[in-house]
>>> print(open('run_38.cif').read())   # mmCIF, C-alpha atoms and all ligand atoms
data_coords
#
loop_
_atom_site.group_PDB
_atom_site.id
_atom_site.type_symbol
_atom_site.label_atom_id
_atom_site.label_comp_id
_atom_site.auth_asym_id
_atom_site.auth_seq_id
_atom_site.Cartn_x
_atom_site.Cartn_y
_atom_site.Cartn_z
ATOM 1 C CA MET A 237 4.397 9.306 -20.120
ATOM 2 C CA PRO A 238 5.306 7.157 -17.097
ATOM 3 C CA ASN A 239 5.789 9.262 -14.010
ATOM 4 C CA LEU A 240 9.383 8.799 -12.936
ATOM 5 C CA GLU A 241 8.796 10.611 -9.673
ATOM 6 C CA ASP A 242 6.026 8.210 -8.622
ATOM 7 C CA ASN A 243 8.300 5.284 -9.383
ATOM 8 C CA ILE A 244 10.996 6.785 -7.210
ATOM 9 C CA GLU A 245 8.512 7.435 -4.397
ATOM 10 C CA ALA A 246 7.286 3.837 -4.535
ATOM 11 C CA GLU A 247 10.823 2.485 -4.602
ATOM 12 C CA LEU A 248 11.758 4.682 -1.638
ATOM 13 C CA GLY A 249 8.730 3.425 0.277
ATOM 14 C CA ARG A 250 9.774 -0.181 -0.323
ATOM 15 C CA LEU A 251 13.318 0.632 0.767
ATOM 16 C CA VAL A 252 12.128 2.206 4.001
ATOM 17 C CA VAL A 253 9.948 -0.817 4.827
ATOM 18 C CA ARG A 254 12.812 -3.215 4.134
ATOM 19 C CA GLN A 255 15.156 -1.119 6.278
ATOM 20 C CA GLN A 256 12.661 -1.202 9.122
ATOM 21 C CA GLN A 257 12.402 -4.988 8.846
ATOM 22 C CA LEU A 258 16.159 -5.341 8.909
ATOM 23 C CA ARG A 259 16.470 -3.028 11.878
ATOM 24 C CA ASP A 260 13.838 -4.987 13.802
ATOM 25 C CA ARG A 261 15.557 -8.282 13.022
ATOM 26 C CA HIS A 262 18.897 -6.795 14.023
ATOM 27 C CA ASN A 263 17.522 -5.524 17.326
ATOM 28 C CA LEU A 264 15.907 -8.873 18.041
ATOM 29 C CA LEU A 265 19.159 -10.726 17.429
ATOM 30 C CA VAL A 266 21.117 -8.342 19.614
ATOM 31 C CA MET A 267 18.497 -8.663 22.352
ATOM 32 C CA LEU A 268 18.630 -12.453 22.179
ATOM 33 C CA GLU A 269 22.400 -12.338 22.345
ATOM 34 C CA ASP A 270 22.203 -10.095 25.423
ATOM 35 C CA PHE A 271 19.683 -12.327 27.054
ATOM 36 C CA ARG A 272 21.749 -15.403 26.384
ATOM 37 C CA SER A 273 25.052 -14.026 27.647
ATOM 38 C CA ASN A 274 23.671 -12.226 30.717
ATOM 39 C CA GLY A 275 20.448 -14.032 31.504
ATOM 40 C CA PRO A 276 19.856 -17.076 33.634
ATOM 41 C CA LEU A 277 20.097 -19.397 30.623
ATOM 42 C CA LYS A 278 23.834 -18.896 30.372
ATOM 43 C CA ARG A 279 25.341 -21.239 27.832
ATOM 44 C CA LYS A 280 28.711 -21.981 26.393
ATOM 45 C CA GLY A 281 29.290 -20.862 22.840
ATOM 46 C CA SER A 282 27.654 -23.145 20.353
ATOM 47 C CA GLY A 283 27.050 -23.449 16.639
ATOM 48 C CA MET A 284 24.079 -21.081 17.070
ATOM 49 C CA ASP A 285 26.336 -18.135 17.828
ATOM 50 C CA ALA A 286 28.325 -18.489 14.647
ATOM 51 C CA ASN A 287 25.106 -18.614 12.632
ATOM 52 C CA LYS A 288 23.737 -15.578 14.370
ATOM 53 C CA ASN A 289 26.900 -13.559 13.917
ATOM 54 C CA SER A 290 26.949 -14.271 10.225
ATOM 55 C CA GLU A 291 23.301 -13.221 10.030
ATOM 56 C CA LEU A 292 24.116 -9.980 11.829
ATOM 57 C CA GLU A 293 26.891 -9.375 9.326
ATOM 58 C CA LYS A 294 24.520 -10.044 6.473
ATOM 59 C CA ILE A 295 21.974 -7.601 7.894
ATOM 60 C CA LYS A 296 24.586 -4.930 8.271
ATOM 61 C CA GLN A 297 25.726 -5.484 4.708
ATOM 62 C CA GLU A 298 22.201 -5.250 3.359
ATOM 63 C CA MET A 299 21.443 -2.140 5.442
ATOM 64 C CA LYS A 300 24.474 -0.454 3.970
ATOM 65 C CA GLU A 301 23.456 -1.337 0.428
ATOM 66 C CA LEU A 302 19.927 -0.087 1.077
ATOM 67 C CA GLU A 303 21.237 3.183 2.439
ATOM 68 C CA GLU A 304 23.342 3.729 -0.655
ATOM 69 C CA LYS A 305 20.399 2.949 -2.900
ATOM 70 C CA GLU A 306 18.146 5.272 -0.921
ATOM 71 C CA GLU A 307 20.662 8.093 -1.175
ATOM 72 C CA GLN A 308 20.887 7.571 -4.921
ATOM 73 C CA LEU A 309 17.102 7.525 -5.337
ATOM 74 C CA ARG A 310 16.647 10.639 -3.240
ATOM 75 C CA ARG A 311 19.169 12.516 -5.320
ATOM 76 C CA GLN A 312 17.402 11.403 -8.502
ATOM 77 C CA GLY A 313 14.023 12.362 -7.022
ATOM 78 C CA ASN A 314 15.195 15.805 -6.000
ATOM 79 C CA LYS A 315 16.527 16.422 -9.467
ATOM 80 C CA THR A 316 13.336 15.461 -11.270
ATOM 81 C CA ARG A 317 11.215 17.425 -8.804
ATOM 82 C CA LYS A 318 13.336 20.528 -9.263
ATOM 83 C CA GLU A 319 13.204 20.233 -13.047
ATOM 84 C CA GLU A 320 9.439 19.787 -12.894
ATOM 85 C CA ASP A 321 9.016 22.845 -10.637
ATOM 86 C CA ILE A 322 11.103 24.980 -12.951
ATOM 87 C CA GLN A 323 9.051 23.776 -15.918
ATOM 88 C CA ASN A 324 5.815 24.619 -14.078
ATOM 89 C CA VAL A 325 6.995 28.125 -13.294
ATOM 90 C CA ILE A 326 8.090 28.676 -16.869
ATOM 91 C CA ASN A 327 4.721 27.361 -18.132
ATOM 92 C CA MET A 328 2.945 29.912 -15.963
ATOM 93 C CA GLY A 329 5.026 32.627 -17.601
ATOM 94 C CA GLY A 330 7.222 33.354 -14.614
ATOM 95 C CA VAL A 331 10.885 33.416 -13.881
ATOM 96 C CA PRO A 332 11.994 30.352 -11.910
ATOM 97 C CA VAL A 333 13.295 31.496 -8.561
ATOM 98 C CA LEU A 334 13.427 28.417 -6.407
ATOM 99 C CA PRO A 335 14.825 27.874 -2.941
ATOM 100 C CA ALA A 336 17.719 25.432 -2.841
ATOM 101 C CA SER A 337 15.800 23.304 -0.354
ATOM 102 C CA ILE A 338 13.089 23.430 2.281
ATOM 103 C CA ASP A 339 15.815 23.868 4.918
ATOM 104 C CA ALA A 340 16.777 27.186 3.354
ATOM 105 C CA ILE A 341 13.236 28.500 3.883
ATOM 106 C CA ILE A 342 13.026 27.369 7.486
ATOM 107 C CA ALA A 343 16.539 28.251 8.586
ATOM 108 C CA ALA A 344 16.806 31.744 7.075
ATOM 109 C CA PRO A 345 16.719 34.284 9.929
ATOM 110 C CA PRO A 346 15.551 37.836 9.279
ATOM 111 C CA PRO A 347 18.498 39.909 8.031
ATOM 112 C CA GLY A 348 20.071 42.172 10.626
ATOM 113 C CA PRO A 349 18.952 42.829 14.188
ATOM 114 C CA ALA A 350 15.466 44.092 14.987
ATOM 115 C CA PRO A 351 15.239 47.935 14.972
ATOM 116 C CA GLN A 352 15.937 49.336 18.409
ATOM 117 C CA ILE A 353 13.612 51.986 19.784
ATOM 118 C CA ILE A 354 15.460 54.562 21.889
ATOM 119 C CA LEU A 355 13.031 56.032 24.395
ATOM 120 C CA ASP A 356 15.514 58.356 26.111
ATOM 121 C CA VAL A 357 15.867 61.146 23.539
ATOM 122 C CA ASP A 358 19.102 62.336 25.158
ATOM 123 C CA ASN A 359 20.749 59.104 23.981
ATOM 124 C CA LEU A 360 19.825 59.477 20.309
ATOM 125 C CA PRO A 361 22.758 58.770 17.968
ATOM 126 C CA PRO A 362 23.661 61.326 15.275
ATOM 127 C CA ALA A 363 21.554 59.487 12.684
ATOM 128 C CA PRO A 364 17.824 58.959 12.024
ATOM 129 C CA SER A 365 16.571 56.717 14.855
ATOM 130 C CA ASN A 366 13.441 54.974 16.101
ATOM 131 C CA THR A 367 12.010 56.795 19.098
ATOM 132 C CA MET A 368 8.813 58.122 20.637
ATOM 133 C CA CYS A 369 8.196 61.804 20.025
ATOM 134 C CA PRO A 370 7.936 63.636 23.405
ATOM 135 C CA SER A 371 5.515 66.147 21.860
ATOM 136 C CA CYS A 372 2.998 64.019 19.955
ATOM 137 C CA HIS A 373 3.791 60.671 21.669
ATOM 138 C CA GLN A 374 3.940 58.735 18.411
ATOM 139 C CA TYR A 375 6.529 56.172 17.426
ATOM 140 C CA ILE A 376 8.588 57.761 14.673
ATOM 141 C CA ILE A 377 11.907 57.649 12.865
ATOM 142 C CA THR A 378 13.520 61.024 13.476
ATOM 143 C CA GLU A 379 14.543 63.343 10.656
ATOM 144 C CA THR A 380 18.033 64.740 11.057
ATOM 145 C CA VAL A 381 19.348 68.093 9.842
ATOM 146 C CA THR A 382 22.727 69.710 10.434
ATOM 147 C CA ARG A 383 23.012 73.121 12.049
ATOM 148 C CA VAL A 384 25.942 75.437 12.661
ATOM 149 C CA GLY A 385 26.629 75.239 16.366
ATOM 150 C CA SER A 386 29.246 76.344 18.861
ATOM 151 C CA THR A 387 31.773 73.806 17.555
ATOM 152 C CA ALA A 388 31.810 75.270 14.051
ATOM 153 C CA TRP A 389 32.261 78.786 15.451
ATOM 154 C CA LEU A 390 35.060 77.625 17.755
ATOM 155 C CA VAL A 391 36.942 75.931 14.902
ATOM 156 C CA CYS A 392 36.451 79.047 12.746
ATOM 157 C CA ILE A 393 37.882 81.370 15.401
ATOM 158 C CA MET A 394 40.793 79.043 16.157
ATOM 159 C CA SER A 395 41.772 78.733 12.486
ATOM 160 C CA ALA A 396 41.559 82.555 12.126
ATOM 161 C CA MET A 397 43.905 82.905 15.105
ATOM 162 C CA VAL A 398 46.541 80.609 13.544
ATOM 163 C CA GLY A 399 46.480 82.642 10.326
ATOM 164 C CA CYS A 400 43.829 81.020 8.126
ATOM 165 C CA VAL A 401 42.137 84.327 7.401
ATOM 166 C CA LEU A 402 41.795 84.066 3.602
ATOM 167 C CA GLY A 403 38.565 82.094 3.652
ATOM 168 C CA CYS A 404 39.970 78.924 5.213
ATOM 169 C CA CYS A 405 38.401 79.888 8.533
ATOM 170 C CA LEU A 406 34.988 79.540 6.851
ATOM 171 C CA LEU A 407 35.528 75.851 6.045
ATOM 172 C CA PRO A 408 33.870 74.637 9.312
ATOM 173 C CA PHE A 409 30.620 76.120 8.006
ATOM 174 C CA CYS A 410 30.870 74.176 4.749
ATOM 175 C CA THR A 411 31.503 70.735 6.152
ATOM 176 C CA ASN A 412 29.112 68.707 8.313
ATOM 177 C CA CYS A 413 31.973 67.446 10.511
ATOM 178 C CA PHE A 414 31.756 70.450 12.847
ATOM 179 C CA LYS A 415 28.014 71.012 12.754
ATOM 180 C CA ASP A 416 25.441 69.877 15.313
ATOM 181 C CA ILE A 417 22.809 67.328 14.319
ATOM 182 C CA VAL A 418 19.180 68.132 15.097
ATOM 183 C CA HIS A 419 16.563 65.356 15.440
ATOM 184 C CA LYS A 420 13.082 66.412 14.364
ATOM 185 C CA CYS A 421 9.710 64.676 14.480
ATOM 186 C CA PRO A 422 8.432 64.052 10.910
ATOM 187 C CA LYS A 423 4.819 64.261 12.124
ATOM 188 C CA CYS A 424 4.583 67.287 14.398
ATOM 189 C CA ARG A 425 7.819 68.945 13.196
ATOM 190 C CA SER A 426 8.991 69.594 16.747
ATOM 191 C CA GLN A 427 12.665 69.522 17.609
ATOM 192 C CA ILE A 428 13.411 66.430 19.694
ATOM 193 C CA HIS A 429 17.107 66.550 20.436
ATOM 194 C CA VAL A 430 20.357 68.209 19.333
ATOM 195 C CA CYS A 431 23.514 66.091 19.142
ATOM 196 C CA LYS A 432 26.284 68.580 19.841
ATOM 197 C CA LYS A 433 29.787 67.933 18.547
ATOM 198 C CA LEU A 434 31.312 69.167 21.788
HETATM 199 ZN ZN ZN B 1 5.976 64.544 17.161
#
>>> encode(input="run_38.cif", output="structure tokens")
Amino acid sequence: MPNLEDNIEAELGRLVVRQQQLRDRHNLLVMLEDFRSNGPLKRKGSGMDANKNSELEKIKQEMKELEEKEEQLRRQGNKTRKEEDIQNVINMGGVPVLPASIDAIIAAPPPGPAPQIILDVDNLPPAPSNTMCPSCHQYIITETVTRVGSTAWLVCIMSAMVGCVLGCCLLPFCTNCFKDIVHKCPKCRSQIHVCKKL
């Protein structure tokens, strides 16, 4: 079976060489034109100029055609390569999970910001956090537990005073909203910090 991909590669190589030739010729012509109009050999317009301009036009035209052809070939090449890759993966008994392009692999940043380590335990947020345990000096993610604190008692007493005596005053002990949050070290089990609600 003739390898279509190799053909495309070869064709692309030829295109690139031809484009380079055209670019060189174009640059040379432009340089000559510059030299002639600004240099010491200043001349009035002659038949040469018309010829040169038409050649420049021709080069531009051909460059454009080559670019279009290149684009077309690249698209074709990408398609066959992708199909081949998928076939390879399937042959090896896998599920084809392919990146859309190389760019996707390079450009993808790690998701989310890097974890922040809070060294001042007094600033710990009311959620498990990265910190250094003051007792065992290890880097840990704190465990958090809720604990009935002064806030829950205060809310209980206040609701009893406004008449919620039939059990409603016990609600602050059932919900975490009014409880303190205690950070603990998962390694040495010591209490690191208490986030009080008030
Ligand atoms: Zn510890």
>>> resolve_selection(input="run_38.cif", expression="the PyMOL selection byres (((chain A and resi 376) around 10) and not hetatm)", output="MDAnalysis selection string")
chainID A and resid 353 364:369 372:375 377:379 420:423
>>> write_last_selection(input="run_38.cif", atoms="C-alpha atoms", output="mmCIF file, keeping the file's coordinate frame")
data_model
loop_
_atom_site.group_PDB
_atom_site.id
_atom_site.type_symbol
_atom_site.label_atom_id
_atom_site.label_comp_id
_atom_site.auth_asym_id
_atom_site.auth_seq_id
_atom_site.Cartn_x
_atom_site.Cartn_y
_atom_site.Cartn_z
ATOM 1 C CA ILE A 353 13.612 51.986 19.784
ATOM 2 C CA PRO A 364 17.824 58.959 12.024
ATOM 3 C CA SER A 365 16.571 56.717 14.855
ATOM 4 C CA ASN A 366 13.441 54.974 16.101
ATOM 5 C CA THR A 367 12.010 56.795 19.098
ATOM 6 C CA MET A 368 8.813 58.122 20.637
ATOM 7 C CA CYS A 369 8.196 61.804 20.025
ATOM 8 C CA CYS A 372 2.998 64.019 19.955
ATOM 9 C CA HIS A 373 3.791 60.671 21.669
ATOM 10 C CA GLN A 374 3.940 58.735 18.411
ATOM 11 C CA TYR A 375 6.529 56.172 17.426
ATOM 12 C CA ILE A 377 11.907 57.649 12.865
ATOM 13 C CA THR A 378 13.520 61.024 13.476
ATOM 14 C CA GLU A 379 14.543 63.343 10.656
ATOM 15 C CA LYS A 420 13.082 66.412 14.364
ATOM 16 C CA CYS A 421 9.710 64.676 14.480
ATOM 17 C CA PRO A 422 8.432 64.052 10.910
ATOM 18 C CA LYS A 423 4.819 64.261 12.124
#
>>> atom_distance(input="run_38.cif", atom1="atom CA of A:Leu265", atom2="atom CA of A:Glu247")
27.0 Å
>>> residues_around(input="run_38.cif", residues="A:Lys433", least_positions_apart="4", cutoff="8 Å", atoms="all atoms listed in the file", output="list in words")
Thr387, Phe414, Lys415 and Asp416 of chain A
>>> write_last_selection(input="run_38.cif", atoms="C-alpha atoms", output="PDB file, in the coordinates of the input")
ATOM      1  CA  THR A 387      31.773  73.806  17.555  1.00  0.00           C
ATOM      2  CA  PHE A 414      31.756  70.450  12.847  1.00  0.00           C
ATOM      3  CA  LYS A 415      28.014  71.012  12.754  1.00  0.00           C
ATOM      4  CA  ASP A 416      25.441  69.877  15.313  1.00  0.00           C
TER       5      ASP A 416
END
>>> axis_aligned_box(input="run_38.cif", around="stretch 347-358 of chain A", padding_each_side="8 Å", output="lines of an AutoDock Vina configuration file")
center_x = 16.6
center_y = 51.1
center_z = 17.1
size_x = 23.0
size_y = 38.4
size_z = 34.1
>>> resolve_selection(input="run_38.cif", expression="the PyMOL selection byres (((chain A and resi 292-307) around 8) and not hetatm)", output="ChimeraX atom specification")
/A:248,251,255,258,262,265,288-291,308-311
>>> atom_distance(input="run_38.cif", atom1="atom CA of A:Gln312", atom2="atom CA of A:Asn324")
18.4 Å
>>> residues_around(input="run_38.cif", residues="stretch 396-411 of chain A", least_positions_apart="5", cutoff="10 Å", atoms="all atoms listed in the file", output="list in words")
Thr382, Arg383, Val384, Gly385, Thr387, Ala388, Trp389, Leu390 and Val391 of chain A
>>> closest_residue(input="run_38.cif", among="A:Ile417, A:Gly348, A:Leu434, A:Ser371", to="ligand ZN 1 (chain B)", atoms="all atoms listed in the file")
A:Ser371
>>> atom_distance(input="run_38.cif", atom1="atom CA of A:Arg250", atom2="atom CA of A:Asn287")
27.3 Å
>>> closest_residue(input="run_38.cif", among="A:Asn412, A:Gln257, A:Gln427, A:Ser395", to="ligand ZN 1 (chain B)", atoms="only C-alpha atoms and all ligand atoms")
A:Gln427
>>> closest_residue(input="run_38.cif", among="A:Met328, A:Ile354, A:Cys424, A:Ala363", to="ligand ZN 1 (chain B)", atoms="all atoms listed in the file")
A:Cys424
>>> closest_residue(input="run_38.cif", among="A:Val357, A:Pro370, A:Asp260, A:Lys432", to="ligand ZN 1 (chain B)", atoms="only C-alpha atoms and all ligand atoms")
A:Pro370
>>> closest_residue(input="run_38.cif", among="A:Pro362, A:Ile393, A:Glu245, A:Leu355", to="A:Val430", atoms="all atoms listed in the file")
A:Pro362
>>> decode(input="run_38.cif", residues="stretch 405-416 of chain A", atoms="N, CA, C and O atoms", output="mmCIF file, in the first residue's frame")
data_model
loop_
_atom_site.group_PDB
_atom_site.id
_atom_site.type_symbol
_atom_site.label_atom_id
_atom_site.label_comp_id
_atom_site.auth_asym_id
_atom_site.auth_seq_id
_atom_site.Cartn_x
_atom_site.Cartn_y
_atom_site.Cartn_z
ATOM 1 N N CYS A 405 -34.697 26.402 70.996
ATOM 2 C CA CYS A 405 -33.454 26.988 71.496
ATOM 3 C C CYS A 405 -32.291 26.009 71.403
ATOM 4 O O CYS A 405 -31.134 26.375 71.574
ATOM 5 N N LEU A 406 -32.620 24.710 71.091
ATOM 6 C CA LEU A 406 -31.544 23.720 70.983
ATOM 7 C C LEU A 406 -30.994 23.617 69.560
ATOM 8 O O LEU A 406 -29.994 22.939 69.317
ATOM 9 N N LEU A 407 -31.679 24.307 68.622
ATOM 10 C CA LEU A 407 -31.258 24.234 67.214
ATOM 11 C C LEU A 407 -29.792 24.617 67.003
ATOM 12 O O LEU A 407 -29.110 23.985 66.200
ATOM 13 N N PRO A 408 -29.257 25.646 67.679
ATOM 14 C CA PRO A 408 -27.841 26.012 67.463
ATOM 15 C C PRO A 408 -26.888 24.865 67.709
ATOM 16 O O PRO A 408 -25.788 24.844 67.164
ATOM 17 N N PHE A 409 -27.318 23.860 68.507
ATOM 18 C CA PHE A 409 -26.425 22.729 68.760
ATOM 19 C C PHE A 409 -26.522 21.673 67.657
ATOM 20 O O PHE A 409 -25.700 20.767 67.593
ATOM 21 N N CYS A 410 -27.569 21.797 66.822
ATOM 22 C CA CYS A 410 -27.749 20.804 65.762
ATOM 23 C C CYS A 410 -27.162 21.252 64.434
ATOM 24 O O CYS A 410 -26.925 20.444 63.543
ATOM 25 N N THR A 411 -26.974 22.536 64.274
ATOM 26 C CA THR A 411 -26.443 23.017 63.004
ATOM 27 C C THR A 411 -24.999 23.487 63.188
ATOM 28 O O THR A 411 -24.613 23.958 64.257
ATOM 29 N N ASN A 412 -24.203 23.320 62.107
ATOM 30 C CA ASN A 412 -22.783 23.683 62.192
ATOM 31 C C ASN A 412 -22.561 25.191 62.082
ATOM 32 O O ASN A 412 -21.460 25.667 62.314
ATOM 33 N N CYS A 413 -23.644 25.926 61.695
ATOM 34 C CA CYS A 413 -23.487 27.369 61.467
ATOM 35 C C CYS A 413 -22.952 28.093 62.701
ATOM 36 O O CYS A 413 -22.209 29.054 62.583
ATOM 37 N N PHE A 414 -23.371 27.642 63.897
ATOM 38 C CA PHE A 414 -23.005 28.375 65.112
ATOM 39 C C PHE A 414 -21.872 27.693 65.889
ATOM 40 O O PHE A 414 -21.547 28.105 66.989
ATOM 41 N N LYS A 415 -21.327 26.655 65.325
ATOM 42 C CA LYS A 415 -20.273 25.930 66.051
ATOM 43 C C LYS A 415 -18.884 26.418 65.632
ATOM 44 O O LYS A 415 -18.684 26.892 64.515
ATOM 45 N N ASP A 416 -17.928 26.275 66.540
ATOM 46 C CA ASP A 416 -16.535 26.596 66.231
ATOM 47 C C ASP A 416 -15.933 25.473 65.385
ATOM 48 O O ASP A 416 -16.409 24.339 65.426
#
